[in-house]
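Data block for work-v4.tsv (TSV, C-alpha atoms):
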chain	number	residue	atom	x	y	z
A	376	MET	CA	4.10	14.29	-0.96
A	377	LYS	CA	1.71	17.11	-1.87
A	378	LYS	CA	-0.49	16.62	-4.88
A	379	GLN	CA	-2.84	19.21	-6.31
A	380	PHE	CA	-6.27	18.00	-7.34
A	381	ASN	CA	-7.04	18.30	-11.02
A	382	LYS	CA	-10.04	17.16	-13.04
A	383	ASN	CA	-8.49	13.77	-13.75
A	384	LEU	CA	-7.74	13.05	-10.08
A	385	ILE	CA	-11.18	14.17	-8.94
A	386	GLU	CA	-12.85	11.92	-11.51
A	387	ARG	CA	-10.57	8.96	-10.78
A	388	PHE	CA	-11.29	8.97	-7.04
A	389	SER	CA	-14.78	10.48	-7.17
A	390	ARG	CA	-16.47	7.42	-5.65
A	391	GLN	CA	-14.19	7.67	-2.62
A	392	ILE	CA	-14.28	11.46	-2.36
A	393	ILE	CA	-18.08	11.55	-2.11
A	394	LEU	CA	-17.97	9.39	1.01
A	395	LYS	CA	-18.59	11.60	4.04
A	396	ASN	CA	-15.76	9.91	5.97
A	397	ILE	CA	-13.24	10.67	3.21
A	398	GLY	CA	-13.87	13.77	1.08
A	399	THR	CA	-11.03	15.71	-0.52
A	400	LEU	CA	-9.08	15.97	2.74
A	401	GLY	CA	-9.18	12.21	3.21
A	402	GLN	CA	-8.16	11.58	-0.37
A	403	LYS	CA	-5.17	13.88	0.12
A	404	LYS	CA	-4.15	11.75	3.12
A	405	ILE	CA	-4.27	8.65	0.94
A	406	LEU	CA	-2.24	10.37	-1.79
A	407	SER	CA	0.41	11.24	0.80
A	408	ALA	CA	0.55	7.80	2.47
A	409	LYS	CA	3.63	5.57	2.38
A	410	VAL	CA	2.91	1.84	2.73
A	411	LEU	CA	5.34	-1.09	2.73
A	412	ILE	CA	4.13	-4.60	1.86
A	413	ILE	CA	6.21	-7.64	2.76
A	414	GLY	CA	5.36	-10.55	0.50
A	415	ALA	CA	3.89	-10.34	-3.01
A	416	GLY	CA	1.89	-13.54	-2.71
A	417	GLY	CA	-1.72	-14.43	-1.93
A	418	LEU	CA	-2.08	-11.64	0.63
A	419	GLY	CA	0.32	-9.07	-0.81
A	420	CYS	CA	-1.24	-9.05	-4.29
A	421	PRO	CA	-4.73	-7.84	-3.25
A	422	VAL	CA	-3.24	-5.44	-0.71
A	423	ALA	CA	-0.97	-3.89	-3.34
A	424	GLU	CA	-3.71	-3.73	-5.97
A	425	PHE	CA	-6.40	-2.12	-3.80
A	426	LEU	CA	-4.04	0.38	-2.17
A	427	THR	CA	-2.83	1.39	-5.62
A	428	ARG	CA	-6.39	1.75	-6.88
A	429	ALA	CA	-7.23	3.82	-3.78
A	430	GLY	CA	-4.42	6.23	-4.69
A	431	VAL	CA	-1.74	5.55	-2.06
A	432	GLY	CA	1.18	7.82	-2.91
A	433	LYS	CA	4.11	5.52	-2.26
A	434	LEU	CA	4.05	1.74	-2.15
A	435	GLY	CA	7.01	-0.47	-1.30
A	436	VAL	CA	6.93	-4.20	-2.07
A	437	ILE	CA	9.46	-6.74	-0.76
A	438	ASP	CA	9.76	-10.27	-2.17
A	439	TYR	CA	12.58	-12.41	-3.53
A	440	ASP	CA	10.52	-15.21	-5.13
A	441	LYS	CA	9.73	-15.93	-8.75
A	442	VAL	CA	6.29	-16.73	-10.10
A	443	ASN	CA	5.44	-20.42	-10.39
A	444	LEU	CA	2.40	-22.24	-11.73
A	445	SER	CA	0.96	-23.09	-8.31
A	446	ASN	CA	0.78	-19.35	-7.46
A	447	LEU	CA	-1.74	-18.52	-10.16
A	448	HIS	CA	-4.93	-19.72	-8.44
A	449	ARG	CA	-4.63	-17.11	-5.68
A	450	GLN	CA	-1.91	-14.54	-6.50
A	451	THR	CA	-3.98	-12.22	-8.62
A	452	LEU	CA	-1.33	-9.99	-10.21
A	453	TYR	CA	0.30	-12.83	-12.19
A	454	THR	CA	-0.53	-14.81	-15.33
A	455	LYS	CA	0.89	-17.90	-17.02
A	456	GLU	CA	3.22	-15.68	-19.05
A	457	ASP	CA	4.91	-14.51	-15.82
A	458	ILE	CA	6.08	-17.95	-14.68
A	459	GLY	CA	9.80	-17.89	-13.87
A	460	LYS	CA	9.93	-14.11	-13.62
A	461	SER	CA	10.64	-12.02	-10.52
A	462	LYS	CA	7.44	-11.27	-8.63
A	463	VAL	CA	8.38	-7.72	-7.72
A	464	LEU	CA	9.20	-6.83	-11.33
A	465	ILE	CA	5.76	-8.04	-12.44
A	466	VAL	CA	4.06	-6.27	-9.52
A	467	LYS	CA	5.69	-2.95	-10.39
A	468	LYS	CA	4.69	-3.26	-14.05
A	469	ILE	CA	1.05	-4.12	-13.27
A	470	LEU	CA	0.60	-1.50	-10.55
A	471	SER	CA	2.08	1.19	-12.80
A	472	ARG	CA	-0.55	0.34	-15.39
A	473	ILE	CA	-3.34	0.52	-12.79
A	474	ASN	CA	-2.28	3.89	-11.39
A	475	PRO	CA	0.83	5.62	-12.76
A	476	SER	CA	0.61	8.22	-9.98
A	477	THR	CA	1.46	5.68	-7.28
A	478	LYS	CA	5.22	5.54	-6.84
A	479	VAL	CA	6.12	1.85	-6.57
A	480	GLN	CA	9.47	0.90	-5.03
A	481	THR	CA	10.35	-2.79	-5.19
A	482	TYR	CA	12.93	-4.76	-3.21
A	483	ASN	CA	14.02	-8.10	-4.65
A	484	LEU	CA	15.61	-9.44	-1.49
A	485	LYS	CA	15.20	-11.76	1.48
A	486	LEU	CA	14.43	-9.67	4.53
A	487	ASN	CA	16.84	-9.60	7.46
A	488	ASN	CA	17.82	-7.33	10.36
A	489	ILE	CA	20.31	-5.34	8.33
A	490	ASN	CA	18.41	-4.58	5.13
A	491	PHE	CA	15.04	-4.01	6.83
A	492	LYS	CA	16.53	-1.37	9.11
A	493	LYS	CA	17.48	0.61	5.98
A	494	ILE	CA	14.01	0.29	4.48
A	495	ILE	CA	11.43	0.65	7.27
A	496	ASP	CA	12.10	4.31	8.05
A	497	LYS	CA	10.84	5.29	4.58
A	498	TYR	CA	7.30	4.07	5.31
A	499	ASP	CA	4.56	4.81	7.85
A	500	TYR	CA	2.39	1.71	7.47
A	501	ILE	CA	3.66	-1.88	7.26
A	502	VAL	CA	1.68	-4.81	5.85
A	503	ASP	CA	2.78	-8.36	6.63
A	504	GLY	CA	1.86	-10.84	3.91
A	505	SER	CA	4.70	-13.25	4.75
A	506	ASP	CA	4.35	-17.01	5.18
A	507	ASN	CA	6.83	-17.74	7.98
A	508	PHE	CA	7.09	-16.81	11.64
A	509	LYS	CA	10.73	-15.69	11.45
A	510	THR	CA	9.73	-12.85	9.12
A	511	LYS	CA	6.59	-12.05	11.11
A	512	PHE	CA	8.54	-11.64	14.33
A	513	LEU	CA	11.20	-9.58	12.55
A	514	LEU	CA	8.50	-7.19	11.29
A	515	ASN	CA	6.86	-7.12	14.69
A	516	ASP	CA	10.07	-6.22	16.50
A	517	PHE	CA	11.04	-3.46	14.07
A	518	CYS	CA	7.54	-1.97	14.09
A	519	VAL	CA	7.59	-1.93	17.91
A	520	LYS	CA	10.99	-0.24	17.89
A	521	TYR	CA	10.12	2.39	15.27
A	522	LYS	CA	6.47	2.80	16.39
A	523	LYS	CA	4.94	1.87	13.03
A	524	PHE	CA	1.43	0.65	12.25
A	525	LEU	CA	1.47	-3.07	11.39
A	526	SER	CA	-1.23	-5.17	9.75
A	527	SER	CA	-0.31	-8.86	9.88
A	528	GLY	CA	-2.26	-11.56	8.05
A	529	ALA	CA	-2.09	-15.34	7.74
A	530	ILE	CA	-4.08	-17.92	5.79
A	531	SER	CA	-4.43	-21.69	5.73
A	532	LYS	CA	-7.04	-24.01	4.18
A	533	PHE	CA	-10.35	-22.10	4.58
A	534	ASP	CA	-9.18	-19.94	7.48
A	535	GLY	CA	-7.59	-16.55	7.88
A	536	HIS	CA	-6.68	-14.16	10.63
A	537	ILE	CA	-5.63	-10.54	10.82
A	538	PHE	CA	-3.80	-8.62	13.53
A	539	SER	CA	-3.51	-4.84	13.66
A	540	PHE	CA	-1.02	-3.05	15.88
A	541	ASP	CA	-0.59	0.69	16.32
A	542	PHE	CA	2.69	0.84	18.20
A	543	LYS	CA	2.49	4.58	18.77
A	544	ASN	CA	0.09	3.56	21.54
A	545	LYS	CA	2.21	2.23	24.42
A	546	LYS	CA	-0.64	0.02	25.62
A	547	THR	CA	-0.76	-1.93	22.34
A	548	PRO	CA	0.21	-5.62	22.64
A	549	CYS	CA	2.42	-7.18	19.99
A	550	LEU	CA	2.64	-10.44	18.09
A	551	ARG	CA	4.96	-11.91	20.73
A	552	CYS	CA	2.33	-11.26	23.39
A	553	PHE	CA	0.06	-13.69	21.53
A	554	PHE	CA	2.38	-16.34	20.13
A	555	GLN	CA	4.82	-18.49	22.08
A	556	GLU	CA	7.65	-18.66	19.57
A	557	LYS	CA	8.99	-22.06	20.71
A	558	GLU	CA	5.64	-23.73	19.98
A	559	LEU	CA	5.29	-22.49	16.41
A	560	SER	CA	5.80	-24.29	13.12
A	561	ASP	CA	5.85	-22.67	9.69
A	562	ASP	CA	3.66	-25.55	8.49
A	563	MET	CA	0.80	-23.60	10.05
A	564	LEU	CA	1.32	-20.92	7.39
A	565	ASN	CA	2.50	-23.08	4.51
A	566	CYS	CA	0.01	-23.30	1.64
A	567	GLU	CA	2.12	-26.03	0.03
A	568	SER	CA	1.63	-28.44	2.92
A	569	GLU	CA	-1.74	-27.27	4.27
A	570	GLY	CA	-3.48	-26.07	1.10
A	571	ILE	CA	-5.49	-22.88	0.60
A	572	LEU	CA	-8.67	-21.88	-1.23
A	573	GLY	CA	-7.76	-18.99	-3.50
A	574	THR	CA	-10.67	-16.80	-2.44
A	575	VAL	CA	-9.53	-16.94	1.20
A	576	ALA	CA	-6.27	-15.20	0.27
A	577	GLY	CA	-8.16	-12.51	-1.64
A	578	ILE	CA	-10.60	-11.86	1.20
A	579	ILE	CA	-7.96	-11.62	3.93
A	580	GLY	CA	-5.66	-9.44	1.81
A	581	THR	CA	-8.53	-7.12	0.94
A	582	ILE	CA	-9.43	-6.72	4.62
A	583	GLN	CA	-5.80	-5.87	5.36
A	584	ALA	CA	-5.89	-3.17	2.68
A	585	ASN	CA	-9.13	-1.89	4.20
A	586	GLU	CA	-7.54	-1.69	7.66
A	587	VAL	CA	-4.61	0.30	6.29
A	588	LEU	CA	-6.91	2.77	4.55
A	589	LYS	CA	-8.99	3.19	7.72
A	590	LYS	CA	-5.80	3.92	9.65
A	591	ILE	CA	-4.60	6.44	7.06
A	592	LEU	CA	-7.97	8.18	7.24
A	593	SER	CA	-8.46	7.77	11.03
A	594	ILE	CA	-11.98	6.45	10.52
A	595	GLY	CA	-14.08	3.53	11.73
A	596	LYS	CA	-13.40	0.98	14.46
A	597	SER	CA	-9.82	-0.17	14.73
A	598	LEU	CA	-8.56	-3.74	15.05
A	599	ASN	CA	-5.66	-2.40	17.13
A	600	GLY	CA	-4.86	-4.97	19.81
A	601	TYR	CA	-7.29	-7.55	18.40
A	602	ILE	CA	-7.12	-10.64	16.24
A	603	PHE	CA	-9.88	-11.02	13.64
A	604	ILE	CA	-10.46	-14.72	12.93
A	605	LEU	CA	-12.41	-15.92	9.88
A	606	ASN	CA	-13.53	-19.43	8.97
A	607	LEU	CA	-14.76	-19.00	5.43
A	608	LEU	CA	-15.95	-22.59	5.06
A	609	ASP	CA	-18.60	-22.28	7.78
A	610	LEU	CA	-18.78	-18.45	7.72
A	611	ASN	CA	-17.77	-18.05	11.35
A	612	PHE	CA	-16.16	-14.76	12.35
A	613	ARG	CA	-14.89	-13.55	15.70
A	614	LYS	CA	-12.77	-10.74	17.07
A	615	VAL	CA	-10.64	-11.50	20.11
A	616	LYS	CA	-8.92	-8.90	22.27
A	617	LEU	CA	-5.22	-9.46	22.94
A	618	ASN	CA	-3.68	-8.79	26.30
A	619	LYS	CA	-0.26	-7.21	26.61
A	620	SER	CA	2.13	-9.59	28.32
A	621	LYS	CA	4.07	-8.11	31.22
A	622	THR	CA	7.08	-10.26	30.33
A	623	CYS	CA	7.07	-9.48	26.60
A	624	THR	CA	10.04	-7.71	25.03
A	625	CYS	CA	7.67	-4.99	23.72
A	626	ASN	CA	7.58	-3.57	27.28
A	627	LYS	CA	11.30	-2.80	27.22
Represent the structure of the file as structure tokens.
Amino acid sequence: MKKQFNKNLIERFSRQIILKNIGTLGQKKILSAKVLIIGAGGLGCPVAEFLTRAGVGKLGVIDYDKVNLSNLHRQTLYTKEDIGKSKVLIVKKILSRINPSTKVQTYNLKLNNINFKKIIDKYDYIVDGSDNFKTKFLLNDFCVKYKKFLSSGAISKFDGHIFSFDFKNKKTPCLRCFFQEKELSDDMLNCESEGILGTVAGIIGTIQANEVLKKILSIGKSLNGYIFILNLLDLNFRKVKLNKSKTCTCNK
């Protein structure tokens, strides 16, 4: 997508454009970017909002849930009036109000091998805001296959972690290199059973959005091949390098 700068666009994104690492060329990259977000929950809401505010040209959002009361303390795009309504319909309405220039495509469906294959090719950057390992591994495997950039986040209690994978680099490990699938339980990601402080979701989602923007702009230090772990109760942060497993399917 090519977009000509006019006075309105320059003023809207002026605080980004004046940054030496961005400028008008960087802003044009953002305006041309195509990002897909899986999950319109605690992580997906801040990712979608900040990418829209940054001026991302095309944003896809996948979710099949409806808004419920327990979502409201952390899922920032919804209000009490939205309870019982489709999340993606609300997301599209709110994002269109924030920035009408961002083309928002929503998918009210449960992701699987068949429908994701039809969707992923339309986007360059994939953001995982899902809350189950089946979906996370599905995203991982498709991003490996189609060489997409993947930012994967997870939250529980006061903790969060973020993975970034640039699968155009053949040396990049994948999610399967880190997790042993047989040992995993979705309770580790389930806010209903484990609980979550609302601000943790906002912080992790915002960092994911930041990582996507850095990748679009090719600036800063990358998390590619690392896991960024945050304990927001004790303010402990660490970045751990992942090693590519020789036996992982991502080597095939």
At a cut-off of 8 Å around the point (12.1, -9.2, -2.1) (file coordinates), what residues fall inside when counting only C-alpha atoms? I'd like the answer as an NGL selection string. :A and (413-414 or 436-440 or 463 or 481-486)
For a quick check of your reading of the model, name the residues lying within 7 Å of the coordinate (-8.9, -2.1, 0.5), counting only C-alpha atoms, and write them as an mmCIF file with C-alpha atoms, in the frame of the given file.
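Here's the written file result.cif:
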data_model
loop_
_atom_site.group_PDB
_atom_site.id
_atom_site.type_symbol
_atom_site.label_atom_id
_atom_site.label_comp_id
_atom_site.auth_asym_id
_atom_site.auth_seq_id
_atom_site.Cartn_x
_atom_site.Cartn_y
_atom_site.Cartn_z
ATOM 1 C CA VAL A 422 -3.240 -5.440 -0.710
ATOM 2 C CA PHE A 425 -6.400 -2.120 -3.800
ATOM 3 C CA LEU A 426 -4.040 0.380 -2.170
ATOM 4 C CA THR A 581 -8.530 -7.120 0.940
ATOM 5 C CA ILE A 582 -9.430 -6.720 4.620
ATOM 6 C CA GLN A 583 -5.800 -5.870 5.360
ATOM 7 C CA ALA A 584 -5.890 -3.170 2.680
ATOM 8 C CA ASN A 585 -9.130 -1.890 4.200
ATOM 9 C CA LEU A 588 -6.910 2.770 4.550
#
Restrict the calculation to only C-alpha atoms, then for each residue of region 574-605 of chain A with any atom at most 10 Å from an atom of region 491-508 of chain A give the closest atom pair and their distance in Å to one decimal, rows by chain and rising residue number, as a tab-separated table.
residue	atom	partner	partner_atom	distance
A:Ala576	CA	A:Gly504	CA	9.9
A:Ile579	CA	A:Gly504	CA	9.9
A:Gly580	CA	A:Gly504	CA	7.9
A:Gln583	CA	A:Val502	CA	7.6
A:Ala584	CA	A:Val502	CA	8.4
A:Glu586	CA	A:Val502	CA	9.9
A:Val587	CA	A:Tyr500	CA	7.2
A:Leu588	CA	A:Tyr500	CA	9.8
A:Lys590	CA	A:Tyr500	CA	8.8
A:Ile591	CA	A:Tyr500	CA	8.4
For Phe612 (chain A), which of A:Asp457, A:Glu386, A:Glu424, A:Asp534 is the closest residue, counting all atoms listed in the file? A:Asp534
Centre and size of axis-aligned box enclosing region 570-585 of chain A plus 3 Å each side, as lines of an AutoDock Vina configuration file:
center_x = -7.1
center_y = -14.0
center_z = 0.9
size_x = 13.2
size_y = 30.2
size_z = 14.9
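For Phe533 (chain A), the set of protein, DNA and RNA residues having any atom at most 10 Å away, when counting only C-alpha atoms and skipping those fewer than 4 positions along the same chain, is Gly570, Ile571, Leu572, Gly573, Thr574, Val575, Ala576, Leu605, Asn606, Leu607, Leu608, Asp609 and Leu610 of chain A.
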Fewer than 6 positions away in the same chain doesn't count, so skip those; otherwise give me all residues within 12 Å of Lys627 (chain A), counting all atoms listed in the file, as a PyMOL selection string. chain A and resi 516+519-520+545+620-621
Would you mind reading off the distance between CA of Leu434 (chain A) and CA of Val479 (chain A), one decimal, in Å? 4.9 Å
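With distances restricted to only C-alpha atoms, A:Cys420 is the closest residue to Leu447 (chain A) from A:Ile489, A:Cys420, A:Ile537, A:Leu550.
As for CA of Leu617 (chain A) and CA of Tyr601 (chain A), they are spaced 5.3 Å apart.
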9 Å contact set for Phe542 (chain A), all atoms listed in the file, chain neighbours under 5 positions out, as a VMD selection string: chain A and resid 518 to 525 547 to 549
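Distances from A:Ile604, A:Cys552, A:Leu514, A:Ile469 to Asn618 (chain A) were compared using only C-alpha atoms, and the smallest one belongs to A:Cys552.
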Go through region 419-448 of chain A and flag each residue having an atom no more than 6 Å from region 398-411 of chain A; for those, report the closest pair of atoms plus their distance in Å to one decimal, using all atoms listed in the file, ordered by chain and rising number, as a tab-separated table.
residue	atom	partner	partner_atom	distance
A:Gly430	CA	A:Leu406	CA	5.5
A:Val431	CA	A:Leu406	CA	4.9
A:Gly432	CA	A:Leu406	CA	4.4
A:Lys433	CA	A:Lys409	CA	4.7
A:Leu434	CA	A:Val410	CA	5.0
A:Gly435	CA	A:Leu411	CA	4.4
A:Val436	CA	A:Leu411	CA	5.9
Atoms kept (C-alpha atoms) for selection, written as an mmCIF file, in the frame of the given file:
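Resulting contents of out16.cif:
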data_model
loop_
_atom_site.group_PDB
_atom_site.id
_atom_site.type_symbol
_atom_site.label_atom_id
_atom_site.label_comp_id
_atom_site.auth_asym_id
_atom_site.auth_seq_id
_atom_site.Cartn_x
_atom_site.Cartn_y
_atom_site.Cartn_z
ATOM 1 C CA GLY A 430 -4.420 6.230 -4.690
ATOM 2 C CA VAL A 431 -1.740 5.550 -2.060
ATOM 3 C CA GLY A 432 1.180 7.820 -2.910
ATOM 4 C CA LYS A 433 4.110 5.520 -2.260
ATOM 5 C CA LEU A 434 4.050 1.740 -2.150
ATOM 6 C CA GLY A 435 7.010 -0.470 -1.300
ATOM 7 C CA VAL A 436 6.930 -4.200 -2.070
#
Using all atoms listed in the file, the residue out of A:Ser593, A:Asn443, A:Asn544, A:Asn474 with shortest distance to Arg387 (chain A) is A:Asn474
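Between Asn396 (chain A) and the residues A:Ile412, A:Ile458, A:Ile530, A:Ile594, the shortest atom-to-atom distance, using only C-alpha atoms, involves A:Ile594.
When all atoms listed in the file are used to measure the gap to Ile473 (chain A), the shortest distance among A:Asn487, A:Thr427, A:Ser389, A:Ser445 belongs to A:Thr427.
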